[in-house]
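A.B. asks: There's a structure below that I have some questions on.
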Amino acid sequence: MKRIVSFILALLLIFCMAVPALAASGRDGGISWEIDVDNGVFTISGSGAIKDYDVESNYAPWFFDTMFVNSVVIEPGITRI
């Protein structure tokens with residue numbers, strides 16, 4: 001039994017090491033966004049205003065990935081957040 005558990009744990013460790021870095025990204029109109037999970041950097045780029053979102057019915061597309069964010073970069077061209 002211990003051998004089986006050890007083998008399964010070893011496979012999980014190998015799998016976790018083989019998974020590439022995670023990133024979430026998207027585009028909404030003229031605005032692009034990316035969350036680099038490894039570095040915790042949320043970057044918003046493009047031109048124009050970011051659309052209004054709310055947590056009741058219209059979640060921001062990045063809402064569920066924000067737990068990984070440590071810093072935010074808003075590049076030139078964004079006129080309103």
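Here, A, B, ... name the chains of the structure tokens in the order displayed, residue numbers run from 1 inside each chain, and ligands are numbered from 1 in the same displayed order.
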Using only C-alpha atoms, which residues sit within 10 Å of A:Asp28 once same-chain residues fewer than 3 positions away are excluded, as a list in words?
C.D. replies: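 Residues meeting the cut-off are Ile31, Ser32, Trp33, Gly46, Ile50, Lys51, Ala60 and Pro61 of chain A.
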A.B. asks: Do you know which residues are at most 9 Å from A:Thr66 counting only C-alpha atoms, after dropping those on the same chain fewer than 4 positions away, and could you put them as a ChimeraX atom specification?
C.D. replies: /A:35,40,42,62,70
A.B. asks: Distance atom CA of A:Gly48-atom CA of A:Ala24, one decimal place?
C.D. replies: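 Rounded to one decimal, the two atoms are 21.0 Å apart.
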A.B. asks: If I take atom CA of A:Ile81 and atom CA of A:Ala49, how far is one from the other in Å, to one decimal?
C.D. replies: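 Distance reported for this atom pair: 6.4 Å.
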A.B. asks: Which distance in Å separates atom CA of A:Ser57 and atom CA of A:Val72, to one decimal?
C.D. replies: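 So the two atoms, atom CA of A:Ser57 and atom CA of A:Val72, lie 24.0 Å apart.
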A.B. asks: For A:Ile74, work out the shell of residues within 8 Å, counting only C-alpha atoms and skipping chain neighbours fewer than 2 positions away, then give it as a VMD selection string.
C.D. replies: chain A and resid 43 to 45 72 76 78
